[in-house]
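Quick notes on the structure that follows.
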Amino acid sequence: MTHSQKDTIPELLVRNIPRGLVMAIEEALGVGAQRAFGGAKGMDQGHLPHIVGQLRHFHMNESFHRALTVGETNPTPIRGNGIVSGRSGVFTLARFNIPEGFWVNGRRSHTRRQMSFANKAIEPLVQPELFEEYSAPSEAVAFFVACFSGSLHVQPESPLSIQIAVPDRDMRGWLFREPVSAFLQRYELEQKPATQDDLAKPKLKKDKKQGKDGTTS
């Protein structure tokens with residue numbers, strides 16, 4: 001079924017992913033990062049960055065899985081280095097970490113690239129002149145990306161930002177990318193009823209004066 005070209009990727013996300021789930025994932029990723037940093041304390045500085053990175057993967061996967069479970073997204077099992085994902089509406093939700101600014105790192109996972117091919121269906125919303133006619137998708141993929149400082153000397157215990165990101169089919173670019181803090185405001189805009197300004201301006205009738213001859217003016 002062909003869908004209105006007025007549709008946008010943010011609107012698709014808002015319709016398919018409950019606000020409470022987005023908030024729970026944001027909180028869970030922050031908690032997982034804090035646990036990872038705490039678990040690495042006392043380790044030798046020579047391999048501390050590697051240990052923190054590994055612990056972030058495991059702790060944040062666990063907290064992400066819990067948020068997906070509470071959100072009733074039927075998450076995949078936690079299994080080693082495997083990607084944890086859940087389904088909300090048409091969107092499969094997954095996560096990964098990057099150093100701030102190194103978005104290309106997301107492509108390193110063959111599984112993530114395979115998952116992203118589903119977004120072929122929504123590419124026309126961003127570049128309609130380059131792709132076939134848009135039809136409402138039956139599946140798509142969005143990632144929650146925790147962006148960390150590249151140095152453990154700058155905010156090592158938590159992400160600098162957590163973003164919701166929708167890649168293109170090859171995961172070479174991003175159809176949509178926005179900090180979760182900004183994205184959450186879209187739910188409020190979606191819930192506000194459309195109002196129409198009342199342009200009618202009432203005019204007061206002038207009192208008619210009656211003359212002595214009985215006529216009015």
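Lettering and numbering for the structure tokens are positional, with chains as A, B, ... in the shown order, residues counted from 1 in each chain, and ligands counted from 1 in the shown order.
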Distance table requested - stretch 91-147 of chain A against stretch 25-49 of chain A, cut-off 12 Å, only C-alpha atoms: one row per qualifying residue with the closest atom pair and its distance in Å to one decimal, ordered by chain and rising residue number, as a Markdown table.
| residue | atom | partner | partner_atom | distance |
| --- | --- | --- | --- | --- |
| A:Leu93 | CA | A:Ile25 | CA | 10.2 |
| A:Ala94 | CA | A:Ile25 | CA | 10.3 |
| A:Arg95 | CA | A:Leu29 | CA | 9.3 |
| A:Phe96 | CA | A:Leu29 | CA | 10.1 |
| A:Asn97 | CA | A:Leu29 | CA | 9.9 |
| A:Pro99 | CA | A:Pro49 | CA | 11.7 |
| A:Phe143 | CA | A:Ile25 | CA | 11.0 |
| A:Phe144 | CA | A:Ile25 | CA | 8.1 |
| A:Val145 | CA | A:Leu29 | CA | 9.3 |
| A:Ala146 | CA | A:Leu29 | CA | 7.5 |
| A:Cys147 | CA | A:Leu29 | CA | 10.8 |
Could you please take those selected residues and save all heavy atoms as a PDB file, in the first residue's frame?
ATOM      1  N   LEU A  93      14.931  -3.005  17.149  1.00  0.00           N
ATOM      2  CA  LEU A  93      15.769  -2.087  17.920  1.00  0.00           C
ATOM      3  C   LEU A  93      17.024  -2.814  18.386  1.00  0.00           C
ATOM      4  O   LEU A  93      16.943  -3.923  18.922  1.00  0.00           O
ATOM      5  CB  LEU A  93      15.006  -1.555  19.131  1.00  0.00           C
ATOM      6  CG  LEU A  93      13.637  -0.923  18.846  1.00  0.00           C
ATOM      7  CD1 LEU A  93      12.976  -0.499  20.149  1.00  0.00           C
ATOM      8  CD2 LEU A  93      13.783   0.266  17.909  1.00  0.00           C
ATOM      9  N   ALA A  94      18.168  -2.185  18.188  1.00  0.00           N
ATOM     10  CA  ALA A  94      19.435  -2.738  18.652  1.00  0.00           C
ATOM     11  C   ALA A  94      20.296  -1.579  19.129  1.00  0.00           C
ATOM     12  O   ALA A  94      19.873  -0.423  19.107  1.00  0.00           O
ATOM     13  CB  ALA A  94      20.116  -3.534  17.541  1.00  0.00           C
ATOM     14  N   ARG A  95      21.522  -1.885  19.560  1.00  0.00           N
ATOM     15  CA  ARG A  95      22.375  -0.834  20.117  1.00  0.00           C
ATOM     16  C   ARG A  95      23.836  -1.095  19.784  1.00  0.00           C
ATOM     17  O   ARG A  95      24.227  -2.216  19.456  1.00  0.00           O
ATOM     18  CB  ARG A  95      22.225  -0.776  21.633  1.00  0.00           C
ATOM     19  CG  ARG A  95      22.554  -2.087  22.345  1.00  0.00           C
ATOM     20  CD  ARG A  95      23.002  -1.886  23.788  1.00  0.00           C
ATOM     21  NE  ARG A  95      24.256  -1.180  23.898  1.00  0.00           N
ATOM     22  CZ  ARG A  95      25.448  -1.770  23.837  1.00  0.00           C
ATOM     23  NH1 ARG A  95      25.565  -3.078  23.674  1.00  0.00           N
ATOM     24  NH2 ARG A  95      26.548  -1.054  23.948  1.00  0.00           N
ATOM     25  N   PHE A  96      24.644  -0.036  19.881  1.00  0.00           N
ATOM     26  CA  PHE A  96      26.098  -0.183  19.846  1.00  0.00           C
ATOM     27  C   PHE A  96      26.730   1.076  20.415  1.00  0.00           C
ATOM     28  O   PHE A  96      26.059   2.103  20.607  1.00  0.00           O
ATOM     29  CB  PHE A  96      26.633  -0.491  18.432  1.00  0.00           C
ATOM     30  CG  PHE A  96      26.363   0.558  17.386  1.00  0.00           C
ATOM     31  CD1 PHE A  96      27.271   1.581  17.140  1.00  0.00           C
ATOM     32  CD2 PHE A  96      25.217   0.497  16.600  1.00  0.00           C
ATOM     33  CE1 PHE A  96      27.040   2.528  16.151  1.00  0.00           C
ATOM     34  CE2 PHE A  96      24.973   1.433  15.603  1.00  0.00           C
ATOM     35  CZ  PHE A  96      25.890   2.448  15.381  1.00  0.00           C
ATOM     36  N   ASN A  97      28.007   0.989  20.716  1.00  0.00           N
ATOM     37  CA  ASN A  97      28.764   2.107  21.271  1.00  0.00           C
ATOM     38  C   ASN A  97      29.782   2.594  20.250  1.00  0.00           C
ATOM     39  O   ASN A  97      30.318   1.803  19.463  1.00  0.00           O
ATOM     40  CB  ASN A  97      29.520   1.683  22.538  1.00  0.00           C
ATOM     41  CG  ASN A  97      28.593   1.196  23.634  1.00  0.00           C
ATOM     42  OD1 ASN A  97      27.423   1.556  23.689  1.00  0.00           O
ATOM     43  ND2 ASN A  97      29.117   0.367  24.530  1.00  0.00           N
ATOM     44  N   PRO A  99      33.134   5.787  19.849  1.00  0.00           N
ATOM     45  CA  PRO A  99      33.758   7.013  20.329  1.00  0.00           C
ATOM     46  C   PRO A  99      33.068   8.197  19.634  1.00  0.00           C
ATOM     47  O   PRO A  99      32.679   8.082  18.461  1.00  0.00           O
ATOM     48  CB  PRO A  99      35.217   6.884  19.861  1.00  0.00           C
ATOM     49  CG  PRO A  99      35.391   5.454  19.487  1.00  0.00           C
ATOM     50  CD  PRO A  99      34.054   4.961  19.058  1.00  0.00           C
ATOM     51  N   PHE A 143      18.821   2.025  15.653  1.00  0.00           N
ATOM     52  CA  PHE A 143      19.837   1.729  16.664  1.00  0.00           C
ATOM     53  C   PHE A 143      19.863   2.829  17.721  1.00  0.00           C
ATOM     54  O   PHE A 143      19.707   4.011  17.410  1.00  0.00           O
ATOM     55  CB  PHE A 143      21.228   1.636  16.028  1.00  0.00           C
ATOM     56  CG  PHE A 143      21.395   0.466  15.096  1.00  0.00           C
ATOM     57  CD1 PHE A 143      21.269   0.624  13.729  1.00  0.00           C
ATOM     58  CD2 PHE A 143      21.676  -0.801  15.596  1.00  0.00           C
ATOM     59  CE1 PHE A 143      21.414  -0.447  12.865  1.00  0.00           C
ATOM     60  CE2 PHE A 143      21.834  -1.885  14.741  1.00  0.00           C
ATOM     61  CZ  PHE A 143      21.703  -1.709  13.375  1.00  0.00           C
ATOM     62  N   PHE A 144      20.079   2.416  18.966  1.00  0.00           N
ATOM     63  CA  PHE A 144      20.386   3.355  20.036  1.00  0.00           C
ATOM     64  C   PHE A 144      21.900   3.357  20.180  1.00  0.00           C
ATOM     65  O   PHE A 144      22.510   2.322  20.468  1.00  0.00           O
ATOM     66  CB  PHE A 144      19.705   2.940  21.336  1.00  0.00           C
ATOM     67  CG  PHE A 144      18.228   3.196  21.330  1.00  0.00           C
ATOM     68  CD1 PHE A 144      17.345   2.260  20.793  1.00  0.00           C
ATOM     69  CD2 PHE A 144      17.714   4.387  21.831  1.00  0.00           C
ATOM     70  CE1 PHE A 144      15.991   2.503  20.762  1.00  0.00           C
ATOM     71  CE2 PHE A 144      16.354   4.639  21.806  1.00  0.00           C
ATOM     72  CZ  PHE A 144      15.480   3.689  21.268  1.00  0.00           C
ATOM     73  N   VAL A 145      22.497   4.510  19.940  1.00  0.00           N
ATOM     74  CA  VAL A 145      23.960   4.613  19.868  1.00  0.00           C
ATOM     75  C   VAL A 145      24.468   5.448  21.038  1.00  0.00           C
ATOM     76  O   VAL A 145      24.116   6.622  21.178  1.00  0.00           O
ATOM     77  CB  VAL A 145      24.401   5.250  18.536  1.00  0.00           C
ATOM     78  CG1 VAL A 145      25.924   5.256  18.430  1.00  0.00           C
ATOM     79  CG2 VAL A 145      23.791   4.494  17.354  1.00  0.00           C
ATOM     80  N   ALA A 146      25.296   4.826  21.865  1.00  0.00           N
ATOM     81  CA  ALA A 146      25.917   5.533  22.990  1.00  0.00           C
ATOM     82  C   ALA A 146      27.267   6.077  22.522  1.00  0.00           C
ATOM     83  O   ALA A 146      28.141   5.311  22.117  1.00  0.00           O
ATOM     84  CB  ALA A 146      26.088   4.597  24.174  1.00  0.00           C
ATOM     85  N   CYS A 147      27.412   7.384  22.555  1.00  0.00           N
ATOM     86  CA  CYS A 147      28.632   8.042  22.089  1.00  0.00           C
ATOM     87  C   CYS A 147      29.482   8.424  23.299  1.00  0.00           C
ATOM     88  O   CYS A 147      29.054   9.224  24.142  1.00  0.00           O
ATOM     89  CB  CYS A 147      28.296   9.284  21.278  1.00  0.00           C
ATOM     90  SG  CYS A 147      27.150   8.979  19.899  1.00  0.00           S
TER      91      CYS A 147
END
Checklist line | Residue neighbourhood stretch 75-77 of chain A, 7 Å, only C-alpha atoms, exclusion window fewer than 6 positions, as a PyMOL selection string | finding: chain A and resi 65+68-69+84-86
Next item on the list: From a DSSP pass on the backbone, collect the residues of stretch 58-107 of chain A flagged as strand (DSSP E) and hand them back as a list in words.
Entry: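 Result set for stretch 58-107 of chain A (strand (DSSP E)): Gly86, Arg87, Ser88, Phe91, Thr92, Leu93, Ala94, Arg95, Phe96, Asn97, Ile98 and Pro99 of chain A.
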Emit the selected residues as an mmCIF file, in the first residue's frame, including C-alpha atoms.
data_model
loop_
_atom_site.group_PDB
_atom_site.id
_atom_site.type_symbol
_atom_site.label_atom_id
_atom_site.label_comp_id
_atom_site.auth_asym_id
_atom_site.auth_seq_id
_atom_site.Cartn_x
_atom_site.Cartn_y
_atom_site.Cartn_z
ATOM 1 C CA GLY A 86 13.857 -6.417 20.184
ATOM 2 C CA ARG A 87 10.838 -5.565 18.051
ATOM 3 C CA SER A 88 8.557 -2.567 18.565
ATOM 4 C CA PHE A 91 11.143 -1.438 14.034
ATOM 5 C CA THR A 92 13.810 -3.861 15.175
ATOM 6 C CA LEU A 93 15.769 -2.087 17.920
ATOM 7 C CA ALA A 94 19.435 -2.738 18.652
ATOM 8 C CA ARG A 95 22.375 -0.834 20.117
ATOM 9 C CA PHE A 96 26.098 -0.183 19.846
ATOM 10 C CA ASN A 97 28.764 2.107 21.271
ATOM 11 C CA ILE A 98 31.136 4.434 19.438
ATOM 12 C CA PRO A 99 33.758 7.013 20.329
#
Contact residues around stretch 7-13 of chain A with only C-alpha atoms at 9 Å, ignoring same-chain residues under 2 positions, as a PDB file with N, CA, C and O atoms, in the first residue's frame:
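For reference, result_21.pdb as written:
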ATOM      1  N   HIS A   3       1.947   4.870   0.772  1.00  0.00           N
ATOM      2  CA  HIS A   3       1.664   5.731   1.921  1.00  0.00           C
ATOM      3  C   HIS A   3       1.921   7.175   1.532  1.00  0.00           C
ATOM      4  O   HIS A   3       2.634   7.466   0.582  1.00  0.00           O
ATOM      5  N   SER A   4       1.345   8.085   2.280  1.00  0.00           N
ATOM      6  CA  SER A   4       1.510   9.502   1.994  1.00  0.00           C
ATOM      7  C   SER A   4       2.974   9.905   2.045  1.00  0.00           C
ATOM      8  O   SER A   4       3.711   9.528   2.931  1.00  0.00           O
ATOM      9  N   GLN A   5       3.387  10.719   1.065  1.00  0.00           N
ATOM     10  CA  GLN A   5       4.760  11.200   1.051  1.00  0.00           C
ATOM     11  C   GLN A   5       5.012  12.206   2.162  1.00  0.00           C
ATOM     12  O   GLN A   5       6.141  12.617   2.378  1.00  0.00           O
ATOM     13  N   ARG A  15       5.395   6.661  16.067  1.00  0.00           N
ATOM     14  CA  ARG A  15       4.196   5.817  16.003  1.00  0.00           C
ATOM     15  C   ARG A  15       4.469   4.381  16.442  1.00  0.00           C
ATOM     16  O   ARG A  15       3.572   3.697  16.939  1.00  0.00           O
ATOM     17  N   ASN A  16       5.692   3.922  16.242  1.00  0.00           N
ATOM     18  CA  ASN A  16       5.990   2.510  16.473  1.00  0.00           C
ATOM     19  C   ASN A  16       6.720   2.214  17.782  1.00  0.00           C
ATOM     20  O   ASN A  16       6.701   1.071  18.244  1.00  0.00           O
ATOM     21  N   ILE A  17       7.370   3.204  18.349  1.00  0.00           N
ATOM     22  CA  ILE A  17       8.144   2.978  19.574  1.00  0.00           C
ATOM     23  C   ILE A  17       7.550   3.828  20.697  1.00  0.00           C
ATOM     24  O   ILE A  17       7.589   5.056  20.628  1.00  0.00           O
ATOM     25  N   PRO A  18       6.989   3.228  21.731  1.00  0.00           N
ATOM     26  CA  PRO A  18       6.396   4.005  22.824  1.00  0.00           C
ATOM     27  C   PRO A  18       7.422   4.900  23.510  1.00  0.00           C
ATOM     28  O   PRO A  18       8.593   4.544  23.638  1.00  0.00           O
ATOM     29  N   GLY A  89       6.649  -2.441  17.082  1.00  0.00           N
ATOM     30  CA  GLY A  89       5.986  -2.061  15.837  1.00  0.00           C
ATOM     31  C   GLY A  89       6.731  -2.663  14.650  1.00  0.00           C
ATOM     32  O   GLY A  89       7.065  -3.842  14.647  1.00  0.00           O
ATOM     33  N   VAL A  90       7.036  -1.830  13.669  1.00  0.00           N
ATOM     34  CA  VAL A  90       7.778  -2.326  12.497  1.00  0.00           C
ATOM     35  C   VAL A  90       9.279  -2.270  12.717  1.00  0.00           C
ATOM     36  O   VAL A  90      10.048  -2.771  11.895  1.00  0.00           O
ATOM     37  N   PHE A  91       9.712  -1.661  13.825  1.00  0.00           N
ATOM     38  CA  PHE A  91      11.143  -1.438  14.034  1.00  0.00           C
ATOM     39  C   PHE A  91      11.788  -2.534  14.873  1.00  0.00           C
ATOM     40  O   PHE A  91      11.309  -2.878  15.951  1.00  0.00           O
ATOM     41  N   ILE A 122      12.398   2.465   3.549  1.00  0.00           N
ATOM     42  CA  ILE A 122      12.095   3.832   4.002  1.00  0.00           C
ATOM     43  C   ILE A 122      13.062   4.863   3.437  1.00  0.00           C
ATOM     44  O   ILE A 122      12.938   6.048   3.727  1.00  0.00           O
ATOM     45  N   LEU A 125      11.742   8.168   1.776  1.00  0.00           N
ATOM     46  CA  LEU A 125      11.276   9.288   2.611  1.00  0.00           C
ATOM     47  C   LEU A 125      12.329  10.379   2.719  1.00  0.00           C
ATOM     48  O   LEU A 125      12.013  11.533   2.996  1.00  0.00           O
ATOM     49  N   VAL A 126      13.585  10.011   2.503  1.00  0.00           N
ATOM     50  CA  VAL A 126      14.678  10.973   2.618  1.00  0.00           C
ATOM     51  C   VAL A 126      15.153  11.440   1.247  1.00  0.00           C
ATOM     52  O   VAL A 126      15.456  12.612   1.043  1.00  0.00           O
ATOM     53  N   ALA A 142      16.269   0.467  13.752  1.00  0.00           N
ATOM     54  CA  ALA A 142      16.789   1.668  14.402  1.00  0.00           C
ATOM     55  C   ALA A 142      17.762   1.243  15.494  1.00  0.00           C
ATOM     56  O   ALA A 142      17.559   0.226  16.155  1.00  0.00           O
ATOM     57  N   VAL A 166      18.812   5.867  12.439  1.00  0.00           N
ATOM     58  CA  VAL A 166      18.262   4.975  11.420  1.00  0.00           C
ATOM     59  C   VAL A 166      19.204   5.004  10.221  1.00  0.00           C
ATOM     60  O   VAL A 166      19.319   6.030   9.549  1.00  0.00           O
ATOM     61  N   LEU A 175      19.775   7.947   7.643  1.00  0.00           N
ATOM     62  CA  LEU A 175      18.520   8.542   7.197  1.00  0.00           C
ATOM     63  C   LEU A 175      17.962   9.480   8.263  1.00  0.00           C
ATOM     64  O   LEU A 175      17.278  10.445   7.955  1.00  0.00           O
ATOM     65  N   PHE A 176      18.262   9.163   9.506  1.00  0.00           N
ATOM     66  CA  PHE A 176      17.812   9.993  10.630  1.00  0.00           C
ATOM     67  C   PHE A 176      18.731   9.728  11.807  1.00  0.00           C
ATOM     68  O   PHE A 176      19.129   8.589  12.057  1.00  0.00           O
ATOM     69  N   PHE A 183      14.711  13.806  20.756  1.00  0.00           N
ATOM     70  CA  PHE A 183      13.694  12.961  20.137  1.00  0.00           C
ATOM     71  C   PHE A 183      12.461  12.810  21.030  1.00  0.00           C
ATOM     72  O   PHE A 183      11.327  12.773  20.535  1.00  0.00           O
ATOM     73  N   ARG A 186       9.445  15.023  20.570  1.00  0.00           N
ATOM     74  CA  ARG A 186       8.546  14.791  19.436  1.00  0.00           C
ATOM     75  C   ARG A 186       7.233  14.156  19.882  1.00  0.00           C
ATOM     76  O   ARG A 186       6.198  14.343  19.244  1.00  0.00           O
ATOM     77  N   GLU A 190       3.452  15.412  19.010  1.00  0.00           N
ATOM     78  CA  GLU A 190       2.510  14.491  18.380  1.00  0.00           C
ATOM     79  C   GLU A 190       1.180  14.468  19.113  1.00  0.00           C
ATOM     80  O   GLU A 190       0.119  14.297  18.514  1.00  0.00           O
TER      81      GLU A 190
END
With stretch 107-119 of chain A as the partner and 7 Å as the cut-off, tabulate the residues of stretch 137-176 of chain A that qualify, each row holding the nearest pair of atoms and their distance in Å to one decimal, using only C-alpha atoms, sorted by chain and rising number, as CSV.
residue,atom,partner,partner_atom,distance
A:Glu139,CA,A:Ala118,CA,6.4
A:Ala140,CA,A:Asn119,CA,5.1
A:Val141,CA,A:Ser116,CA,6.0
A:Pro167,CA,A:Ser116,CA,6.4
A:Asp168,CA,A:Asn119,CA,5.8
A:Arg169,CA,A:Phe117,CA,4.0
A:Asp170,CA,A:Phe117,CA,6.2
A:Met171,CA,A:Arg113,CA,5.9
